[in-house]
$ cat work.txt   # compact mmCIF, C-alpha atoms
# COMPACT_ATOMS: atom_id res chain seq x y z
CA CYS A 262 0.00 0.00 0.00
CA THR A 263 1.23 3.50 -0.61
CA PRO A 264 1.44 5.60 2.51
CA ARG A 265 -0.91 8.51 2.19
CA VAL A 266 -0.19 11.73 3.99
CA ALA A 267 -3.27 13.82 4.52
CA LEU A 268 -2.40 17.34 5.36
CA GLU A 269 -5.13 18.44 7.76
CA VAL A 270 -5.39 22.20 7.36
CA PRO A 271 -5.23 23.41 10.99
CA LYS A 272 -8.73 24.73 11.62
CA GLU A 273 -8.72 28.40 12.42
CA PRO A 274 -10.91 29.01 15.50
CA ILE A 275 -14.07 30.96 14.67
CA THR A 276 -14.39 33.93 17.04
CA ILE A 277 -17.87 35.08 18.07
CA ASN A 278 -18.67 38.20 20.09
CA LEU A 279 -21.97 38.20 21.98
CA ASN A 280 -23.04 41.12 24.18
CA VAL A 281 -26.09 40.76 26.42
CA LYS A 282 -27.52 43.60 28.50
CA ILE A 283 -30.45 42.65 30.75
CA ASP A 284 -32.39 45.73 31.69
CA HIS A 285 -34.60 45.23 34.67
CA GLU A 286 -35.60 48.80 34.08
CA ILE A 287 -38.21 47.64 31.54
CA ARG A 288 -39.63 45.37 34.18
CA LEU A 289 -39.90 48.28 36.60
CA LYS A 290 -41.76 50.41 34.02
CA VAL A 291 -44.05 47.48 33.23
CA GLU A 292 -44.54 46.88 36.94
CA LYS A 293 -45.63 50.50 37.39
CA ASP A 294 -48.15 50.27 34.54
CA VAL A 295 -49.45 46.92 35.77
CA ASP A 296 -49.78 48.28 39.31
CA SER A 297 -52.04 51.09 38.20
CA LEU A 298 -53.97 48.67 35.93
CA THR A 299 -54.66 46.28 38.80
CA THR A 300 -55.73 49.05 41.16
CA ASP A 301 -57.85 51.50 39.23
CA SER A 302 -58.91 49.90 35.91
CA GLY A 303 -61.93 48.16 37.42
CA LEU A 304 -60.81 44.96 35.72
CA PHE A 305 -59.46 43.35 38.92
CA LEU B 322 -44.56 41.64 79.09
CA PRO B 323 -47.23 39.01 78.40
CA ALA B 324 -46.99 39.44 74.61
CA TRP B 325 -43.35 38.44 74.73
CA ARG B 326 -43.77 35.49 77.16
CA SER B 327 -40.27 36.32 78.49
CA GLN B 328 -38.83 35.31 81.87
CA LEU B 329 -36.19 37.43 83.64
CA GLN B 330 -34.51 36.59 86.98
CA LEU B 331 -32.36 39.25 88.64
CA SER B 332 -30.34 38.68 91.84
CA ALA B 333 -28.35 41.30 93.81
CA ARG B 334 -26.04 41.38 96.89
CA ARG B 335 -23.88 44.01 98.52
CA GLN B 336 -20.22 43.81 97.51
CA GLY B 337 -17.59 46.15 98.91
CA SER B 338 -18.72 49.74 98.28
CA GLY B 339 -21.07 48.63 95.49
CA ALA B 340 -23.29 45.71 94.53
CA ALA B 341 -23.21 42.65 92.23
CA GLY B 342 -25.50 39.89 91.05
CA SER B 343 -26.72 37.75 88.17
CA LEU B 344 -29.24 38.22 85.39
CA ALA B 345 -30.96 35.31 83.59
CA ILE B 346 -33.18 35.87 80.54
CA ASP B 347 -35.22 33.14 78.81
CA THR B 348 -37.50 34.28 76.02
CA PRO B 349 -39.01 33.12 72.73
CA LEU B 350 -38.18 35.44 69.80
CA SER B 351 -41.32 36.71 68.14
CA ALA B 352 -42.68 39.35 65.79
CA ALA B 353 -44.23 41.11 68.80
CA MET B 354 -40.77 42.14 69.97
CA SER B 355 -39.58 43.32 66.55
CA ARG B 356 -41.48 46.62 66.48
CA GLY B 357 -39.00 49.40 65.70
CA LEU B 358 -36.39 46.93 64.37
CA ASP B 359 -35.96 46.72 60.59
CA VAL B 360 -35.98 42.94 61.10
CA THR B 361 -39.11 40.89 61.88
CA LEU B 362 -38.28 38.03 64.24
CA GLN B 363 -40.49 35.06 63.38
CA GLN B 364 -39.27 32.20 65.57
CA GLY B 365 -36.45 31.32 67.93
CA GLN B 366 -35.40 30.96 71.54
CA LEU B 367 -32.94 33.15 73.52
CA ALA B 368 -31.35 32.01 76.81
CA SER B 369 -28.90 34.45 78.40
CA ARG B 370 -26.90 34.13 81.64
CA LEU B 371 -25.10 37.31 82.75
CA GLN B 372 -23.16 38.58 85.81
CA TRP B 373 -23.34 42.25 86.67
CA ARG B 374 -21.30 44.45 89.03
CA TRP B 375 -21.71 48.05 90.10
CA ASP B 376 -18.97 49.95 91.97
CA LYS B 377 -18.88 53.65 90.87
CA GLN B 378 -19.50 52.28 87.35
CA TRP B 379 -21.39 49.26 86.02
CA GLN B 380 -20.04 46.18 84.30
CA LEU B 381 -21.88 43.27 82.66
CA ASN B 382 -20.57 40.04 81.18
CA GLY B 383 -21.84 36.60 80.31
CA ASN B 384 -23.25 34.76 77.30
CA ALA B 385 -26.38 34.22 75.23
CA ASP B 386 -27.54 31.10 73.39
CA ILE B 387 -29.83 31.49 70.39
CA SER B 388 -31.58 28.53 68.72
CA GLY B 389 -34.24 27.99 66.05
CA LEU B 390 -33.92 31.59 64.89
CA ALA B 391 -36.06 32.62 61.87
CA LEU B 392 -36.46 36.20 60.68
CA ASP B 393 -37.53 38.35 57.73
CA TRP B 394 -35.22 41.23 56.86
CA GLY B 395 -37.00 43.29 54.21
CA GLY B 396 -38.02 40.24 52.18
CA ILE B 397 -34.79 38.32 52.83
CA LEU B 398 -35.74 35.17 54.78
CA ALA B 399 -33.34 33.61 57.29
CA SER B 400 -34.08 30.40 59.21
CA GLY B 401 -32.36 27.74 61.27
CA GLY B 402 -30.16 30.20 63.13
CA LYS B 403 -28.24 29.08 66.22
CA GLY B 404 -25.11 29.90 68.18
CA ARG B 405 -23.60 31.18 71.37
CA LEU B 406 -22.32 34.74 71.95
CA SER B 407 -20.09 35.95 74.78
CA LEU B 408 -20.62 39.54 75.89
CA ALA B 409 -18.62 42.03 77.99
CA ALA B 410 -20.14 45.49 78.45
CA SER B 411 -19.28 48.59 80.48
CA PRO B 412 -19.59 52.37 79.97
CA ALA B 413 -16.31 52.05 78.00
CA GLY B 414 -18.11 49.94 75.36
CA VAL B 415 -19.28 46.50 74.34
CA GLN B 416 -17.19 43.51 73.27
CA LEU B 417 -19.05 40.65 71.61
CA HIS B 418 -17.58 37.43 70.24
CA SER B 419 -18.99 34.13 69.08
CA ASP B 420 -18.27 31.06 71.19
CA GLY B 421 -18.06 28.28 68.62
CA PRO B 422 -19.43 28.74 65.06
CA LEU B 423 -22.63 30.72 64.51
CA GLN B 424 -24.84 28.81 62.07
CA LEU B 425 -27.70 29.71 59.74
CA ALA B 426 -29.42 26.90 57.81
CA LEU B 427 -30.94 29.15 55.13
CA LEU B 428 -30.61 32.75 53.94
CA ASP B 429 -32.87 33.34 50.91
CA VAL B 430 -31.78 36.51 49.09
CA GLY B 431 -33.68 35.45 45.95
CA THR B 432 -31.46 32.41 45.64
CA PRO B 433 -30.78 30.27 48.73
CA LEU B 434 -27.52 30.46 50.66
CA GLN B 435 -27.42 27.33 52.85
CA ASP B 436 -25.41 25.96 55.81
CA ILE B 437 -23.84 29.31 56.60
CA ARG B 438 -21.19 29.15 59.33
CA LEU B 439 -18.97 31.89 60.73
CA ALA B 440 -17.21 33.18 63.82
CA LEU B 441 -17.51 36.84 64.76
CA ARG B 442 -16.00 39.51 67.01
CA SER B 443 -17.48 43.01 67.28
CA ASP B 444 -17.81 46.19 69.28
CA LEU B 445 -21.21 46.69 67.57
CA HIS B 446 -19.60 49.13 65.11
CA ASP B 447 -16.81 47.11 63.47
CA TRP B 448 -17.51 43.45 62.76
CA GLN B 449 -14.67 40.91 62.22
CA LEU B 450 -15.96 37.71 60.62
CA SER B 451 -13.70 34.65 60.35
CA ASP B 452 -13.91 31.11 58.93
CA VAL B 453 -16.93 32.16 56.87
CA GLN B 454 -18.49 29.39 54.77
CA ALA B 455 -21.76 28.90 52.88
CA ARG B 456 -23.24 26.72 50.13
CA VAL B 457 -24.74 28.58 47.17
CA LEU B 458 -25.72 27.86 43.54
CA GLY B 459 -24.64 24.23 43.88
CA GLY B 460 -21.16 25.21 45.06
CA SER B 461 -19.58 26.99 48.00
CA VAL B 462 -18.15 30.34 49.07
CA SER B 463 -15.65 30.82 51.86
CA ALA B 464 -13.43 33.49 53.38
CA GLY B 465 -10.80 33.27 56.12
CA GLN B 466 -11.33 36.85 57.33
CA LEU B 467 -13.89 39.52 56.49
CA GLN B 468 -14.12 42.97 58.04
CA TRP B 469 -17.30 45.01 57.83
CA PRO B 470 -17.56 47.90 57.14
CA SER B 471 -14.35 48.30 55.13
CA SER B 472 -13.38 49.92 51.84
CA ALA B 473 -10.68 47.33 51.24
CA PHE B 474 -11.30 44.56 48.67
CA GLN B 475 -11.24 41.34 50.65
CA PRO B 476 -10.86 37.97 48.84
CA VAL B 477 -13.74 35.48 48.91
CA THR B 478 -13.06 32.03 47.44
CA VAL B 479 -15.74 30.52 45.19
CA HIS B 480 -15.72 26.81 44.34
CA ALA B 481 -17.73 24.39 42.16
CA ILE B 482 -20.51 26.86 41.30
CA ASP B 483 -23.03 25.12 39.01
CA LEU B 484 -23.49 27.17 35.83
CA ALA B 485 -26.89 25.58 35.27
CA ALA B 486 -27.97 27.07 38.63
CA ILE B 487 -26.83 30.50 37.44
CA THR B 488 -28.74 30.31 34.16
CA ALA B 489 -31.79 29.08 36.13
CA LEU B 490 -31.81 32.47 37.92
CA GLN B 491 -33.06 33.99 34.68
CA LYS B 492 -36.30 31.99 35.01
CA ASN B 493 -38.32 35.18 35.30
CA GLU B 494 -37.00 36.52 32.05
CA GLN B 495 -37.56 34.76 28.71
CA PRO B 496 -36.37 31.14 28.55
CA ALA B 497 -32.56 31.16 28.99
CA THR B 498 -31.04 31.89 25.56
CA VAL B 499 -27.71 30.28 26.48
CA GLN B 500 -27.58 27.03 28.48
CA LEU B 501 -24.30 26.34 30.24
CA THR B 502 -23.48 23.28 32.34
CA GLY B 503 -20.42 22.51 34.41
CA ARG B 504 -18.66 24.03 37.42
CA VAL B 505 -16.64 27.20 37.87
CA GLY B 506 -14.59 28.59 40.73
CA GLY B 507 -12.15 31.35 41.58
CA LEU B 508 -11.66 34.49 43.64
CA LEU B 509 -13.99 37.46 44.16
CA PRO B 510 -12.42 40.51 45.88
CA LEU B 511 -15.35 41.94 47.86
CA GLN B 512 -15.75 45.48 49.19
CA LEU B 513 -18.11 45.33 52.22
CA LEU B 514 -19.47 48.88 52.49
CA PRO B 515 -21.83 50.17 55.21
CA ARG B 516 -24.76 49.93 52.81
CA GLY B 517 -23.74 47.65 49.94
CA VAL B 518 -21.28 45.25 48.42
CA ALA B 519 -18.97 45.73 45.42
CA VAL B 520 -16.74 43.31 43.50
CA GLN B 521 -13.57 44.33 41.65
CA ASN B 522 -11.57 42.12 39.28
CA GLY B 523 -13.30 38.95 40.34
CA LEU B 524 -11.99 35.96 38.34
CA LEU B 525 -13.82 32.68 37.73
CA ARG B 526 -12.40 29.72 35.78
CA ASN B 527 -13.85 26.40 34.68
CA GLU B 528 -13.34 23.49 37.02
CA GLY B 529 -13.33 20.60 34.58
CA GLU B 530 -15.15 20.45 31.23
CA LEU B 531 -18.16 22.67 30.51
CA THR B 532 -20.82 22.40 27.83
CA LEU B 533 -22.68 25.24 26.09
CA ARG B 534 -25.97 24.92 24.16
CA VAL B 535 -28.04 27.53 22.35
CA PRO B 536 -31.40 25.71 22.15
CA PRO B 537 -33.18 26.00 18.75
CA GLY B 538 -36.29 27.64 20.25
CA ALA B 539 -34.30 30.42 21.90
CA SER B 540 -35.43 34.00 21.14
CA VAL B 541 -31.91 34.80 19.92
CA ARG B 542 -32.51 32.31 17.09
CA ALA B 543 -35.50 34.37 15.98
CA MET B 544 -33.07 37.26 15.57
CA ALA B 545 -30.77 35.00 13.50
CA GLN B 546 -33.14 34.70 10.53
CA SER B 547 -32.38 38.28 9.63
CA ASN B 548 -28.60 38.05 9.68
CA GLN B 549 -26.37 35.43 8.00
CA ALA B 550 -23.38 36.03 10.25
CA VAL B 551 -25.55 35.58 13.34
CA GLN B 552 -26.98 32.37 11.85
CA LEU B 553 -23.44 31.01 11.32
CA ALA B 554 -22.42 32.02 14.84
CA LEU B 555 -25.46 30.29 16.32
CA ASP B 556 -24.78 27.13 14.35
CA MET B 557 -21.27 27.19 15.79
CA LEU B 558 -22.59 27.79 19.27
CA SER B 559 -25.43 25.29 18.98
CA GLU B 560 -23.27 22.78 20.84
CA LEU B 561 -19.83 23.45 22.34
CA ASP B 562 -17.58 21.34 24.55
CA VAL B 563 -15.67 23.95 26.50
CA ASN B 564 -12.20 23.33 27.95
CA ASP B 565 -11.24 26.94 28.78
CA PHE B 566 -13.65 29.39 30.46
CA GLN B 567 -12.54 32.65 32.06
CA ALA B 568 -14.86 35.30 33.47
CA THR B 569 -13.78 38.63 34.96
CA LEU B 570 -16.46 40.19 37.14
CA ASN B 571 -16.93 43.76 38.33
CA MET B 572 -20.00 44.82 40.29
CA ALA B 573 -20.65 48.32 41.60
CA ALA B 574 -22.37 48.86 44.97
CA SER B 575 -25.45 49.82 42.90
CA GLY B 576 -25.61 46.16 41.88
CA VAL B 577 -24.70 46.64 38.19
CA LEU B 578 -22.59 43.60 37.24
CA ASP B 579 -20.31 43.64 34.21
CA ALA B 580 -18.99 40.20 33.32
CA GLN B 581 -16.49 39.63 30.50
CA VAL B 582 -16.37 35.94 29.59
CA THR B 583 -13.89 34.28 27.23
CA LEU B 584 -14.82 30.74 26.40
CA LYS B 585 -12.81 28.35 24.16
CA GLY B 586 -14.15 25.02 22.98
CA VAL B 587 -14.88 22.76 20.03
CA ASN B 588 -18.19 21.97 18.33
CA PRO B 589 -18.54 18.17 18.27
CA LYS B 590 -21.24 18.40 15.59
CA GLN B 591 -19.07 20.48 13.23
CA ASN B 592 -16.18 18.01 13.25
CA ARG B 593 -14.67 19.58 16.33
CA GLN B 594 -14.38 23.06 14.79
CA PRO B 595 -12.57 25.24 17.40
CA VAL B 596 -14.66 28.23 18.55
CA VAL B 597 -13.79 31.24 20.74
CA LEU B 598 -16.77 33.05 22.31
CA ASN B 599 -16.28 36.51 23.81
CA TYR B 600 -19.47 37.07 25.84
CA SER B 601 -20.16 40.23 27.83
CA HIS B 602 -23.09 40.34 30.24
CA SER B 603 -24.39 43.46 31.96
CA GLU B 604 -27.21 43.28 34.51
CA ASN B 605 -28.22 44.74 37.86
CA ILE B 606 -27.90 41.71 40.13
CA LEU B 607 -29.67 43.34 43.08
CA GLU B 608 -32.68 44.02 40.80
CA LEU B 609 -32.56 40.40 39.59
CA LEU B 610 -32.48 39.02 43.15
CA ARG B 611 -35.20 41.48 44.23
CA SER B 612 -37.49 40.40 41.36
CA LEU B 613 -36.85 36.74 42.29
CA ARG B 614 -37.78 37.54 45.91
CA ILE B 615 -40.95 39.36 44.80
CA SER B 616 -42.13 36.40 42.76
CA ASP B 617 -41.22 34.21 45.77
CA ASP B 618 -43.23 36.51 48.03
CA ILE B 619 -46.28 35.97 45.85
CA SER B 620 -46.08 32.17 45.81
CA ARG B 621 -45.07 32.13 49.51
CA SER B 622 -47.94 34.30 50.70
CA VAL B 623 -50.41 32.03 48.91
CA LEU B 624 -48.69 28.79 49.95
CA GLN B 625 -48.45 30.03 53.53
CA ARG B 626 -52.22 30.50 53.72
CA GLN B 627 -52.65 27.06 52.20
CA SER B 628 -50.39 25.35 54.74
CA GLY B 629 -51.52 27.50 57.64
CA GLY B 630 -48.52 29.77 58.29
CA GLY B 631 -44.86 29.08 59.13
CA THR B 632 -41.87 29.94 56.98
CA ARG B 633 -41.67 28.58 53.46
CA ASN B 634 -40.06 25.17 53.41
CA PRO B 635 -37.15 25.46 50.90
CA VAL B 636 -37.41 21.73 50.14
CA THR B 637 -40.68 22.24 48.31
CA GLU B 638 -39.22 25.03 46.19
CA SER B 639 -37.97 24.12 42.67
CA LYS B 640 -34.93 26.27 43.47
CA PRO B 641 -31.52 25.43 41.88
CA LEU C 545 -73.29 40.42 38.18
CA ASP C 546 -70.34 42.71 38.80
CA LEU C 547 -66.74 41.61 39.34
CA GLY C 548 -66.59 42.57 43.00
CA SER C 549 -69.62 40.55 44.08
CA ALA C 550 -68.65 37.64 41.79
CA LYS C 551 -65.37 37.43 43.68
CA THR C 552 -66.91 37.72 47.15
CA GLN C 553 -69.44 35.01 46.19
CA GLY C 554 -66.51 32.79 45.19
CA LEU C 555 -67.70 32.43 41.57
CA VAL C 556 -64.44 33.68 40.02
CA GLY C 557 -60.83 34.07 41.14
CA GLU C 558 -57.43 35.43 40.09
CA GLN C 559 -54.87 33.21 38.33
CA PRO C 560 -51.06 33.48 37.96
CA ASP C 561 -51.44 33.89 34.17
CA GLY C 562 -53.16 37.24 34.70
CA TYR C 563 -56.62 36.19 33.54
CA LEU C 564 -59.81 35.76 35.60
CA GLY C 565 -60.67 32.09 36.28
CA VAL C 566 -64.15 30.66 36.80
CA VAL C 567 -64.49 28.79 40.11
CA LYS C 568 -68.21 27.92 39.89
CA SER C 569 -69.24 27.97 36.23
CA THR C 570 -72.65 29.59 36.41
CA PRO C 571 -73.64 31.20 33.06
CA ASP C 572 -73.23 34.71 34.55
CA ALA C 573 -69.76 33.90 35.90
CA VAL C 574 -68.61 32.44 32.58
CA ALA C 575 -69.91 35.48 30.64
CA LEU C 576 -68.35 37.90 33.13
CA ALA C 577 -64.94 36.17 32.94
CA ALA C 578 -64.97 36.19 29.14
CA ASP C 579 -65.79 39.90 29.06
CA ILE C 580 -63.22 40.87 31.71
CA ASN C 581 -60.46 38.73 30.15
CA ALA C 582 -60.99 40.28 26.71
CA LYS C 583 -60.56 43.74 28.21
CA ARG C 584 -57.52 42.61 30.20
CA ARG C 585 -55.91 41.17 27.06
CA GLU C 586 -56.30 44.56 25.35
CA ALA C 587 -54.77 46.36 28.35
CA TYR C 588 -51.85 43.89 28.55
CA ASP C 589 -51.21 44.29 24.83
CA ALA C 590 -51.05 48.08 25.17
CA ILE C 591 -48.60 47.89 28.09
CA ALA C 592 -46.46 45.31 26.28
CA LYS C 593 -46.20 47.44 23.15
CA LYS C 594 -45.48 50.61 25.12
CA ASN C 595 -42.56 49.02 27.07
CA GLY C 596 -41.17 46.53 24.54
CA ALA C 597 -42.14 43.53 26.66
CA THR C 598 -44.16 40.49 25.58
CA ILE C 599 -47.89 40.26 26.36
CA ASP C 600 -47.26 37.06 28.36
CA GLN C 601 -44.70 38.83 30.56
CA VAL C 602 -47.15 41.65 31.27
CA ALA C 603 -50.00 39.22 31.93
CA ALA C 604 -47.86 37.09 34.27
CA LEU C 605 -46.80 40.17 36.22
CA ALA C 606 -50.42 41.31 36.45
CA GLY C 607 -51.34 37.83 37.69
CA GLN C 608 -48.72 38.05 40.44
CA LYS C 609 -50.02 41.48 41.50
CA ALA C 610 -53.68 40.44 41.29
CA ILE C 611 -53.07 37.40 43.52
CA ASP C 612 -51.11 39.49 46.01
CA LYS C 613 -53.79 42.18 46.13
CA ALA C 614 -56.69 39.69 46.17
CA ALA C 615 -59.01 40.38 49.10
CA PRO C 616 -58.92 37.82 51.95
CA GLY C 617 -61.57 35.14 51.47
CA THR C 618 -61.57 35.40 47.68
CA TYR C 619 -60.22 32.59 45.51
CA VAL C 620 -56.74 32.55 43.92
CA LYS C 621 -55.17 29.72 41.94
CA ALA C 622 -51.94 28.29 43.44
CA ASN C 623 -50.20 25.29 41.85
CA GLY C 624 -53.34 24.65 39.79
CA GLN C 625 -55.74 24.55 42.75
CA TRP C 626 -58.26 27.15 43.83
CA VAL C 627 -57.27 28.39 47.27
CA LYS C 628 -59.04 30.91 49.52
CA LYS C 629 -56.69 33.77 50.41
$ encode --input "work.txt" --output "structure tokens"
Amino acid sequence: CTPRVALEVPKEPITINLNVKIDHEIRLKVEKDVDSLTTDSGLF
Amino acid sequence: LPAWRSQLQLSARRQGSGAAGSLAIDTPLSAAMSRGLDVTLQQGQLASRLQWRWDKQWQLNGNADISGLALDWGGILASGGKGRLSLAASPAGVQLHSDGPLQLALLDVGTPLQDIRLALRSDLHDWQLSDVQARVLGGSVSAGQLQWPSSAFQPVTVHAIDLAAITALQKNEQPATVQLTGRVGGLLPLQLLPRGVAVQNGLLRNEGELTLRVPPGASVRAMAQSNQAVQLALDMLSELDVNDFQATLNMAASGVLDAQVTLKGVNPKQNRQPVVLNYSHSENILELLRSLRISDDISRSVLQRQSGGGTRNPVTESKP
Amino acid sequence: LDLGSAKTQGLVGEQPDGYLGVVKSTPDAVALAADINAKRREAYDAIAKKNGATIDQVAALAGQKAIDKAAPGTYVKANGQWVKK
């Protein structure tokens, strides 16, 4: 058999940048709106 | 004081030009006695044995045993508190120190800290804590010495923290976009301020192999349809076996955490393609814990009425 | 049949999902719940759009608040069961 040399191209790492910003601020605004809804909308 | 159901025995005898005697206090700890405190005592028993002396000035020393302590501190629930304190007091000041470890079974700040143990020494203004240990998020935190209040950054060791427990904290938000499993540990320099805690240059590293998954249903995938590069990135991140994870953490006293994570691994489904993920996460941790406590308050107040009172039993919680 | 008396009579109760649940399904109670829930859905949608949240998030938050503010003796749903607050 003939020796076969397979040249494995070294894989370049793929770089990924991921930025996550969790803003509880939205929740606070929603909470304020929901508070007034549940107290004076007559639906609760 | 009938509402407190406390017993107090005082004895006195002449001694030299003054007087001396003993003081014994046995009392349950209850909400009735917490008026004016910013802590609501729920359960517990206090037994204190003290000697007093008066000769031109007074002096008091002795010890106090606390057991079965449970309290609510502004929505933060503590239970299973016990320990012994030695006390020496005079007009010059108060010296307090623990006699054997003080223990707290549970402190629920939004996520449970369990089996807390520490020794303490204090003059009621400065508090020296030593041999501090607790279990949290599937792992443990410990510190040899902690001084409060202090502006210095004091090292706290973190070990075997379960990343799945951390991602589970986001349960209130949308389903976790990124699922991480495995354990991390490291060092968090903590600044224990009078009214807050800050972290500077905290460093966490993987302890053993980690895995990362971005589940197909995740909301971030919805974003991917629009952008080819994002689609490729998500395919790469769909499944990653991670051998190198480093996170640097900074948190201001306001609670805003900035975490910079560098994560290196290979994707077993893309014939072990090497991937480097630089992930930055910014969030107000105090807000997160507060919102977790609020949703706990809701389920607790309903469950409490169902089971007829008493503190919430952490075992029934589906907490990490 | 108005909402207040329907609650005190134990016909309807608040649920974690933010919508009114029928405890005893009399025709009036069922009609009332359908009417109220339609109006609530509209209100949740408006809040969600205004703040960039999802309607489910707003509804779930409203459910938490409604249960917490529910008057003693009225029904609330906890772990799938109707419970008197």
$ atom_distance --input "work.txt" --atom1 "CA of Pro560 in chain C" --atom2 "CA of Asp612 in chain C"
10.0 Å
$ atom_distance --input "work.txt" --atom1 "CA of Ala391 in chain B" --atom2 "CA of Pro349 in chain B"
11.3 Å
$ residues_around --input "work.txt" --residues "Ala385 in chain B" --least-positions-apart "5" --cutoff "8 Å" --atoms "all atoms listed in the file" --output "mmCIF file with C-alpha atoms, in the frame of the given file"
data_model
loop_
_atom_site.group_PDB
_atom_site.id
_atom_site.type_symbol
_atom_site.label_atom_id
_atom_site.label_comp_id
_atom_site.auth_asym_id
_atom_site.auth_seq_id
_atom_site.Cartn_x
_atom_site.Cartn_y
_atom_site.Cartn_z
ATOM 1 C CA LEU B 367 -32.940 33.150 73.520
ATOM 2 C CA ALA B 368 -31.350 32.010 76.810
ATOM 3 C CA SER B 369 -28.900 34.450 78.400
ATOM 4 C CA ARG B 370 -26.900 34.130 81.640
ATOM 5 C CA ARG B 405 -23.600 31.180 71.370
ATOM 6 C CA LEU B 406 -22.320 34.740 71.950
ATOM 7 C CA SER B 407 -20.090 35.950 74.780
ATOM 8 C CA LEU B 408 -20.620 39.540 75.890
#
$ interface_residues --input "work.txt" --of "chain B" --to "chain A" --cutoff "12 Å" --atoms "all atoms listed in the file" --output "PDB file with C-alpha atoms, in the coordinates of the input"
ATOM      1  CA  GLN B 491     -33.060  33.990  34.680  1.00  0.00           C
ATOM      2  CA  ASN B 493     -38.320  35.180  35.300  1.00  0.00           C
ATOM      3  CA  GLU B 494     -37.000  36.520  32.050  1.00  0.00           C
ATOM      4  CA  GLN B 495     -37.560  34.760  28.710  1.00  0.00           C
ATOM      5  CA  ALA B 497     -32.560  31.160  28.990  1.00  0.00           C
ATOM      6  CA  THR B 498     -31.040  31.890  25.560  1.00  0.00           C
ATOM      7  CA  VAL B 499     -27.710  30.280  26.480  1.00  0.00           C
ATOM      8  CA  VAL B 541     -31.910  34.800  19.920  1.00  0.00           C
ATOM      9  CA  ALA B 550     -23.380  36.030  10.250  1.00  0.00           C
ATOM     10  CA  VAL B 551     -25.550  35.580  13.340  1.00  0.00           C
ATOM     11  CA  GLN B 552     -26.980  32.370  11.850  1.00  0.00           C
ATOM     12  CA  LEU B 553     -23.440  31.010  11.320  1.00  0.00           C
ATOM     13  CA  ALA B 554     -22.420  32.020  14.840  1.00  0.00           C
ATOM     14  CA  LEU B 555     -25.460  30.290  16.320  1.00  0.00           C
ATOM     15  CA  ASP B 556     -24.780  27.130  14.350  1.00  0.00           C
ATOM     16  CA  MET B 557     -21.270  27.190  15.790  1.00  0.00           C
ATOM     17  CA  LEU B 558     -22.590  27.790  19.270  1.00  0.00           C
ATOM     18  CA  GLY B 576     -25.610  46.160  41.880  1.00  0.00           C
ATOM     19  CA  VAL B 577     -24.700  46.640  38.190  1.00  0.00           C
ATOM     20  CA  LEU B 578     -22.590  43.600  37.240  1.00  0.00           C
ATOM     21  CA  ASP B 579     -20.310  43.640  34.210  1.00  0.00           C
ATOM     22  CA  ALA B 580     -18.990  40.200  33.320  1.00  0.00           C
ATOM     23  CA  GLN B 581     -16.490  39.630  30.500  1.00  0.00           C
ATOM     24  CA  VAL B 582     -16.370  35.940  29.590  1.00  0.00           C
ATOM     25  CA  THR B 583     -13.890  34.280  27.230  1.00  0.00           C
ATOM     26  CA  LEU B 584     -14.820  30.740  26.400  1.00  0.00           C
ATOM     27  CA  LYS B 585     -12.810  28.350  24.160  1.00  0.00           C
ATOM     28  CA  GLY B 586     -14.150  25.020  22.980  1.00  0.00           C
ATOM     29  CA  VAL B 587     -14.880  22.760  20.030  1.00  0.00           C
ATOM     30  CA  ASN B 588     -18.190  21.970  18.330  1.00  0.00           C
ATOM     31  CA  GLN B 591     -19.070  20.480  13.230  1.00  0.00           C
ATOM     32  CA  ASN B 592     -16.180  18.010  13.250  1.00  0.00           C
ATOM     33  CA  ARG B 593     -14.670  19.580  16.330  1.00  0.00           C
ATOM     34  CA  GLN B 594     -14.380  23.060  14.790  1.00  0.00           C
ATOM     35  CA  PRO B 595     -12.570  25.240  17.400  1.00  0.00           C
ATOM     36  CA  VAL B 596     -14.660  28.230  18.550  1.00  0.00           C
ATOM     37  CA  VAL B 597     -13.790  31.240  20.740  1.00  0.00           C
ATOM     38  CA  LEU B 598     -16.770  33.050  22.310  1.00  0.00           C
ATOM     39  CA  ASN B 599     -16.280  36.510  23.810  1.00  0.00           C
ATOM     40  CA  TYR B 600     -19.470  37.070  25.840  1.00  0.00           C
ATOM     41  CA  SER B 601     -20.160  40.230  27.830  1.00  0.00           C
ATOM     42  CA  HIS B 602     -23.090  40.340  30.240  1.00  0.00           C
ATOM     43  CA  SER B 603     -24.390  43.460  31.960  1.00  0.00           C
ATOM     44  CA  GLU B 604     -27.210  43.280  34.510  1.00  0.00           C
ATOM     45  CA  ASN B 605     -28.220  44.740  37.860  1.00  0.00           C
ATOM     46  CA  ILE B 606     -27.900  41.710  40.130  1.00  0.00           C
ATOM     47  CA  LEU B 607     -29.670  43.340  43.080  1.00  0.00           C
ATOM     48  CA  GLU B 608     -32.680  44.020  40.800  1.00  0.00           C
ATOM     49  CA  LEU B 609     -32.560  40.400  39.590  1.00  0.00           C
ATOM     50  CA  LEU B 610     -32.480  39.020  43.150  1.00  0.00           C
ATOM     51  CA  ARG B 611     -35.200  41.480  44.230  1.00  0.00           C
ATOM     52  CA  SER B 612     -37.490  40.400  41.360  1.00  0.00           C
ATOM     53  CA  LEU B 613     -36.850  36.740  42.290  1.00  0.00           C
ATOM     54  CA  ILE B 615     -40.950  39.360  44.800  1.00  0.00           C
TER      55      ILE B 615
END
$ interface_residues --input "work.txt" --of "chain A" --to "chain C" --cutoff "9 Å" --atoms "only C-alpha atoms" --output "count of residues only"
14
$ interface_residues --input "work.txt" --of "chain C" --to "chain B" --cutoff "7 Å" --atoms "all atoms listed in the file" --output "PyMOL selection string"
chain C and resi 608+612+622+627+629
